[in-house]
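A.B. asks: Could you have a look at this structure, given as structure tokens, before my questions?
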Amino acid sequence: MKEFREYHTKNSGIFFKIDKVIYNKKSKFQKIFLFENKNFGKILTLDGLLMLTEKDEYFYHESITHPALSLISKPEKILVIGGGDGKAIYEILKHNPKEIHVVEIDKEVIEISKKNFKWGNVFENKKVKIFIDDGYEFVKKTKEKYDAIIVDSSDPIGPAKKLYRKEFYLNLKNILKKKGILVMQAESPIYHKKIQRKIYKELKKIFKICKFYFSPVPTYPGGIWLYIFCSDFYDPLKSKIKRIPKNLKFYSEKIHRAIFEIGENL
Ligand code: SAM
């Protein structure tokens, strides 16, 4: 196979020349294919869907973490569901939390990310606690309470399917502190409107504030992506930004406003 092709519809999609295969195996949960492309660097795919490319991943990982964490003065305990590639953890560490709990169902994703991505050492950070578990089950049994929860899961196929259920959202709310923030990746506004309407309808019943925001992710379906921000305390367009980590490549105070204004109107 000289090219990796991801179909976004039956007759359109995206492709990358495969310049070097790094890992290509079926784990207990999904097909993991990691390869190198001259323009986009290393590209991680799961079950034939692109998860990240080294070249443009920062749009997504800065967007799924900083808009929430920048509002919280002392983000002590953060939960990441999914996120096995490690880059969301790398961004969260810039807010100097006490602990980051990562619940990833597939330890093979962590293993190959540790070995192949330049941020792979985040898994050794003493603040990071890894739980190899199904996020759907973890949120039911944990006694922990979190300042922020980031659901950085794959798309609603395979092991991530149940992370789009109402019960999961209710359990997330139960383990969020009173002033906590939940952020979930919410798919493509070009191709997944139906999923977004369902996500919003369920979360709006559980949280006082639910707002979509957007970011470009050039290699994701449609080239733009949505996230949903939920909280009973923070309003992303009214609450004060407490800190913006240095040397980011996309997120900033101005971008913060713009991504919510646009996200709410896509
Ligand atoms: N940025 C990517 C995106 O937006 O599609 C997601 C990146 S990350 C690689 C997604 C991770 O979610 C994968 O490592 C996958 O194994 C994990 N995952 C899927 N379902 C899960 C579940 N039920 N519990 C915990 N982790 C899960």
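The chains in the structure tokens are called A, B, ... from first to last as shown; in each chain the residues are counted from 1, and the ligands are counted from 1 in the order shown.
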For A:Lys20, please output as a PyMOL selection string all residues within 12 Å (counting only C-alpha atoms; exclusion window: fewer than 3 positions along the same chain).

C.D. replies: chain A and resi 1-4+16-17+23-24+33-38+41-43

A.B. asks: Compute the set of protein, DNA and RNA residues whose minimum atom distance to ligand 1 is at most 6 Å, using only C-alpha atoms and all ligand atoms, and state it as a list of chain:residue names.

C.D. replies: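 Going residue by residue within 6 Å of ligand 1, we get A:Met51, A:Ile81, A:Gly82, A:Gly83, A:Gly84, A:Asp85, A:Val103, A:Glu104, A:Ile105, A:Asp106, A:Val109, A:Asp134, A:Gly135, A:Tyr136, A:Asp152, A:Ser153, A:Ser154, A:Asp155, A:Pro159, A:Ala160.
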
A.B. asks: Give me a file of those residues, with all heavy atoms, as a compact mmCIF listing (two decimals), in the first residue's frame.

C.D. replies:
# COMPACT_ATOMS: atom_id res chain seq x y z
N MET A 51 -5.68 10.28 13.31
CA MET A 51 -5.73 10.83 14.67
C MET A 51 -4.89 12.10 14.76
O MET A 51 -5.31 13.08 15.32
CB MET A 51 -5.22 9.80 15.68
CG MET A 51 -6.09 8.59 15.78
SD MET A 51 -7.65 8.99 16.54
CE MET A 51 -8.81 8.35 15.35
N ILE A 81 -9.70 11.50 29.13
CA ILE A 81 -10.23 10.21 28.67
C ILE A 81 -9.75 10.03 27.23
O ILE A 81 -10.00 10.91 26.39
CB ILE A 81 -11.78 10.19 28.70
CG1 ILE A 81 -12.31 10.59 30.07
CG2 ILE A 81 -12.31 8.85 28.20
CD1 ILE A 81 -12.56 9.52 31.05
N GLY A 82 -9.06 8.93 26.95
CA GLY A 82 -8.45 8.75 25.64
C GLY A 82 -7.07 9.40 25.69
O GLY A 82 -6.32 9.23 26.65
N GLY A 83 -6.73 10.14 24.66
CA GLY A 83 -5.48 10.90 24.70
C GLY A 83 -4.21 10.06 24.72
O GLY A 83 -3.16 10.52 25.18
N GLY A 84 -4.32 8.81 24.24
CA GLY A 84 -3.18 7.90 24.32
C GLY A 84 -1.97 8.32 23.51
O GLY A 84 -0.87 7.78 23.69
N ASP A 85 -2.12 9.32 22.64
CA ASP A 85 -0.93 9.76 21.88
C ASP A 85 -0.07 10.69 22.74
O ASP A 85 1.08 10.97 22.40
CB ASP A 85 -1.37 10.46 20.59
CG ASP A 85 -2.34 11.59 20.88
OD1 ASP A 85 -1.91 12.62 21.43
OD2 ASP A 85 -3.53 11.44 20.62
N VAL A 103 -6.99 8.08 31.20
CA VAL A 103 -7.68 6.78 31.08
C VAL A 103 -7.71 6.40 29.60
O VAL A 103 -8.48 6.97 28.82
CB VAL A 103 -9.10 6.86 31.65
CG1 VAL A 103 -9.78 5.48 31.59
CG2 VAL A 103 -9.07 7.38 33.09
N GLU A 104 -6.84 5.50 29.24
CA GLU A 104 -6.68 5.10 27.83
C GLU A 104 -6.96 3.59 27.75
O GLU A 104 -6.37 2.81 28.51
CB GLU A 104 -5.25 5.43 27.39
CG GLU A 104 -4.79 4.78 26.09
CD GLU A 104 -5.68 5.05 24.89
OE1 GLU A 104 -5.85 6.23 24.54
OE2 GLU A 104 -6.21 4.08 24.33
N ILE A 105 -7.84 3.21 26.85
CA ILE A 105 -8.25 1.78 26.81
C ILE A 105 -7.17 0.90 26.18
O ILE A 105 -7.08 -0.29 26.49
CB ILE A 105 -9.59 1.67 26.02
CG1 ILE A 105 -10.31 0.35 26.34
CG2 ILE A 105 -9.40 1.85 24.51
CD1 ILE A 105 -11.76 0.33 25.92
N ASP A 106 -6.32 1.51 25.31
CA ASP A 106 -5.40 0.68 24.53
C ASP A 106 -3.94 1.01 24.84
O ASP A 106 -3.41 2.02 24.35
CB ASP A 106 -5.70 0.92 23.02
CG ASP A 106 -5.02 -0.11 22.15
OD1 ASP A 106 -4.07 -0.76 22.63
OD2 ASP A 106 -5.44 -0.25 20.98
N VAL A 109 -1.36 1.99 22.11
CA VAL A 109 -1.30 3.36 21.59
C VAL A 109 -0.29 4.17 22.41
O VAL A 109 0.55 4.90 21.86
CB VAL A 109 -2.68 4.06 21.60
CG1 VAL A 109 -2.57 5.51 21.14
CG2 VAL A 109 -3.67 3.31 20.71
N ASP A 134 -11.33 1.31 30.26
CA ASP A 134 -12.39 1.88 29.41
C ASP A 134 -12.90 3.13 30.13
O ASP A 134 -13.38 3.02 31.27
CB ASP A 134 -13.49 0.82 29.26
CG ASP A 134 -14.65 1.33 28.41
OD1 ASP A 134 -14.75 2.56 28.20
OD2 ASP A 134 -15.46 0.49 27.98
N GLY A 135 -12.82 4.26 29.46
CA GLY A 135 -13.25 5.52 30.09
C GLY A 135 -14.69 5.46 30.56
O GLY A 135 -15.05 6.02 31.60
N TYR A 136 -15.50 4.69 29.83
CA TYR A 136 -16.93 4.58 30.16
C TYR A 136 -17.10 3.92 31.53
O TYR A 136 -17.96 4.31 32.32
CB TYR A 136 -17.62 3.72 29.07
CG TYR A 136 -19.12 3.64 29.21
CD1 TYR A 136 -19.92 4.71 28.82
CD2 TYR A 136 -19.72 2.51 29.75
CE1 TYR A 136 -21.31 4.65 28.95
CE2 TYR A 136 -21.09 2.44 29.89
CZ TYR A 136 -21.88 3.50 29.49
OH TYR A 136 -23.24 3.45 29.64
N ASP A 152 -10.61 13.31 25.00
CA ASP A 152 -9.83 13.32 23.76
C ASP A 152 -9.93 11.93 23.15
O ASP A 152 -8.95 11.19 23.04
CB ASP A 152 -8.37 13.69 24.09
CG ASP A 152 -7.49 13.66 22.86
OD1 ASP A 152 -8.03 13.71 21.74
OD2 ASP A 152 -6.25 13.54 23.02
N SER A 153 -11.16 11.55 22.82
CA SER A 153 -11.38 10.17 22.36
C SER A 153 -11.37 10.13 20.83
O SER A 153 -11.42 11.16 20.18
CB SER A 153 -12.75 9.67 22.84
OG SER A 153 -13.75 10.38 22.12
N SER A 154 -11.31 8.92 20.33
CA SER A 154 -11.43 8.78 18.87
C SER A 154 -12.90 8.95 18.48
O SER A 154 -13.74 9.29 19.30
CB SER A 154 -10.89 7.40 18.45
OG SER A 154 -10.88 6.51 19.53
N ASP A 155 -13.18 8.73 17.20
CA ASP A 155 -14.52 8.99 16.67
C ASP A 155 -15.51 7.94 17.15
O ASP A 155 -15.10 6.88 17.60
CB ASP A 155 -14.42 9.02 15.14
CG ASP A 155 -13.33 10.01 14.71
OD1 ASP A 155 -13.60 11.20 14.66
OD2 ASP A 155 -12.18 9.56 14.53
N PRO A 159 -14.02 1.36 20.07
CA PRO A 159 -14.06 1.48 21.54
C PRO A 159 -14.60 2.82 22.04
O PRO A 159 -15.04 2.93 23.17
CB PRO A 159 -12.61 1.28 21.97
CG PRO A 159 -11.78 1.53 20.78
CD PRO A 159 -12.64 1.21 19.59
N ALA A 160 -14.62 3.84 21.18
CA ALA A 160 -15.06 5.17 21.65
C ALA A 160 -16.58 5.36 21.54
O ALA A 160 -17.12 6.33 22.05
CB ALA A 160 -14.37 6.27 20.87

A.B. asks: Could you work out how far atom CA of A:Asn171 lies from atom CA of A:Cys210, giving the answer in Å with one decimal?

C.D. replies: 16.5 Å

A.B. asks: Residues at most 8 Å from stretch 69-79 of chain A, counting only C-alpha atoms, excluding those fewer than 5 positions away in the same chain, as JSON, numbers by chain?

C.D. replies: {"A": [92, 95, 96, 97, 98, 99, 100, 101, 102, 103, 145, 146, 147, 148, 149, 150, 234, 236, 239, 240, 241, 242, 243, 244]}

A.B. asks: What's the separation between atom CA of A:Leu226 and atom CA of A:Gly158, in Å to one decimal place?

C.D. replies: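 Those two atoms sit 20.4 Å apart.
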
A.B. asks: So, with only C-alpha atoms as the atoms that count, which of A:Lys201, A:Arg165, A:Asn11, A:Pro67 lies closest to A:Lys254?

C.D. replies: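 Nearest to A:Lys254: A:Pro67.
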
A.B. asks: From a DSSP pass on the backbone, collect the residues of stretch 61-260 of chain A flagged as alpha helix (DSSP H) and hand them back as a ChimeraX atom specification.

C.D. replies: /A:61-69,87-92,107-116,135-141,166-174,193-204,253-260

A.B. asks: In Å to one decimal, how far is atom CA of A:Val21 from atom CA of A:Gly223?

C.D. replies: 24.6 Å

A.B. asks: Could you pull the residues within 10 Å of A:Asn125, counting only C-alpha atoms, minus those fewer than 2 positions along the same chain, as a PyMOL selection string?

C.D. replies: chain A and resi 89-90+93+99-100+121-123+127-129

A.B. asks: Restricting the output to all heavy atoms, write the selected residues as a tab-separated table (two decimals), in the first residue's frame.

C.D. replies:
chain	number	residue	atom	x	y	z
A	89	ILE	N	-1.69	15.69	27.04
A	89	ILE	CA	-1.00	15.70	28.35
A	89	ILE	C	0.12	16.74	28.32
A	89	ILE	O	0.28	17.54	29.24
A	89	ILE	CB	-0.40	14.32	28.68
A	89	ILE	CG1	-1.45	13.22	28.62
A	89	ILE	CG2	0.29	14.32	30.05
A	89	ILE	CD1	-0.87	11.81	28.70
A	90	TYR	N	0.86	16.75	27.22
A	90	TYR	CA	1.98	17.69	27.04
A	90	TYR	C	1.49	19.14	27.17
A	90	TYR	O	2.10	19.96	27.85
A	90	TYR	CB	2.59	17.45	25.65
A	90	TYR	CG	3.71	18.37	25.27
A	90	TYR	CD1	5.02	18.09	25.64
A	90	TYR	CD2	3.47	19.53	24.53
A	90	TYR	CE1	6.07	18.93	25.28
A	90	TYR	CE2	4.51	20.38	24.17
A	90	TYR	CZ	5.80	20.08	24.54
A	90	TYR	OH	6.83	20.92	24.19
A	93	LEU	N	0.29	19.95	30.90
A	93	LEU	CA	1.42	20.15	31.83
A	93	LEU	C	1.87	21.61	31.86
A	93	LEU	O	2.45	22.09	32.83
A	93	LEU	CB	2.59	19.24	31.46
A	93	LEU	CG	2.42	17.76	31.89
A	93	LEU	CD1	3.45	16.88	31.21
A	93	LEU	CD2	2.49	17.62	33.42
A	99	GLU	N	-1.93	16.91	39.41
A	99	GLU	CA	-2.00	15.55	38.86
A	99	GLU	C	-2.80	15.53	37.57
A	99	GLU	O	-3.77	16.28	37.42
A	99	GLU	CB	-2.81	14.66	39.82
A	99	GLU	CG	-2.14	14.22	41.08
A	99	GLU	CD	-3.15	13.39	41.91
A	99	GLU	OE1	-3.43	12.23	41.53
A	99	GLU	OE2	-3.68	13.93	42.90
A	100	ILE	N	-2.38	14.65	36.65
A	100	ILE	CA	-3.16	14.38	35.43
A	100	ILE	C	-3.45	12.88	35.40
A	100	ILE	O	-2.51	12.07	35.41
A	100	ILE	CB	-2.38	14.77	34.16
A	100	ILE	CG1	-1.92	16.23	34.20
A	100	ILE	CG2	-3.25	14.53	32.91
A	100	ILE	CD1	-1.04	16.64	33.02
A	121	ASN	N	7.83	11.50	26.26
A	121	ASN	CA	8.27	11.32	27.66
A	121	ASN	C	7.24	11.82	28.68
A	121	ASN	O	7.39	11.66	29.88
A	121	ASN	CB	9.62	12.03	27.89
A	121	ASN	CG	9.50	13.51	27.55
A	121	ASN	OD1	8.41	13.97	27.13
A	121	ASN	ND2	10.57	14.25	27.71
A	122	VAL	N	6.13	12.39	28.19
A	122	VAL	CA	5.11	12.89	29.15
A	122	VAL	C	4.57	11.75	30.02
A	122	VAL	O	4.16	11.96	31.16
A	122	VAL	CB	3.92	13.59	28.45
A	122	VAL	CG1	4.32	14.87	27.79
A	122	VAL	CG2	3.20	12.67	27.48
A	123	PHE	N	4.62	10.54	29.47
A	123	PHE	CA	4.05	9.41	30.23
A	123	PHE	C	4.90	9.06	31.45
A	123	PHE	O	4.45	8.40	32.35
A	123	PHE	CB	3.88	8.19	29.31
A	123	PHE	CG	2.87	8.40	28.21
A	123	PHE	CD1	3.29	8.65	26.90
A	123	PHE	CD2	1.51	8.38	28.47
A	123	PHE	CE1	2.36	8.86	25.87
A	123	PHE	CE2	0.58	8.59	27.45
A	123	PHE	CZ	1.01	8.83	26.15
A	127	LYS	N	3.72	13.64	37.53
A	127	LYS	CA	2.35	14.15	37.77
A	127	LYS	C	1.30	13.32	37.02
A	127	LYS	O	0.12	13.49	37.22
A	127	LYS	CB	2.26	15.60	37.27
A	127	LYS	CG	3.14	16.57	38.00
A	127	LYS	CD	2.92	17.97	37.49
A	127	LYS	CE	3.72	18.97	38.30
A	127	LYS	NZ	3.45	20.35	37.87
A	128	VAL	N	1.78	12.50	36.08
A	128	VAL	CA	0.86	11.79	35.18
A	128	VAL	C	0.61	10.38	35.71
A	128	VAL	O	1.55	9.63	35.97
A	128	VAL	CB	1.44	11.73	33.76
A	128	VAL	CG1	0.52	10.95	32.81
A	128	VAL	CG2	1.67	13.14	33.21
A	129	LYS	N	-0.70	10.05	35.90
A	129	LYS	CA	-1.05	8.70	36.35
A	129	LYS	C	-1.89	8.05	35.24
A	129	LYS	O	-2.90	8.62	34.82
A	129	LYS	CB	-1.88	8.83	37.64
A	129	LYS	CG	-1.93	7.57	38.43
A	129	LYS	CD	-2.47	7.81	39.84
A	129	LYS	CE	-2.82	6.44	40.47
A	129	LYS	NZ	-3.92	6.53	41.42

A.B. asks: Extract the full set of strand (DSSP E) residues from stretch 171-263 of chain A according to DSSP on the backbone, and format it as a PyMOL selection string.

C.D. replies: chain A and resi 176-185+209-216+224-231
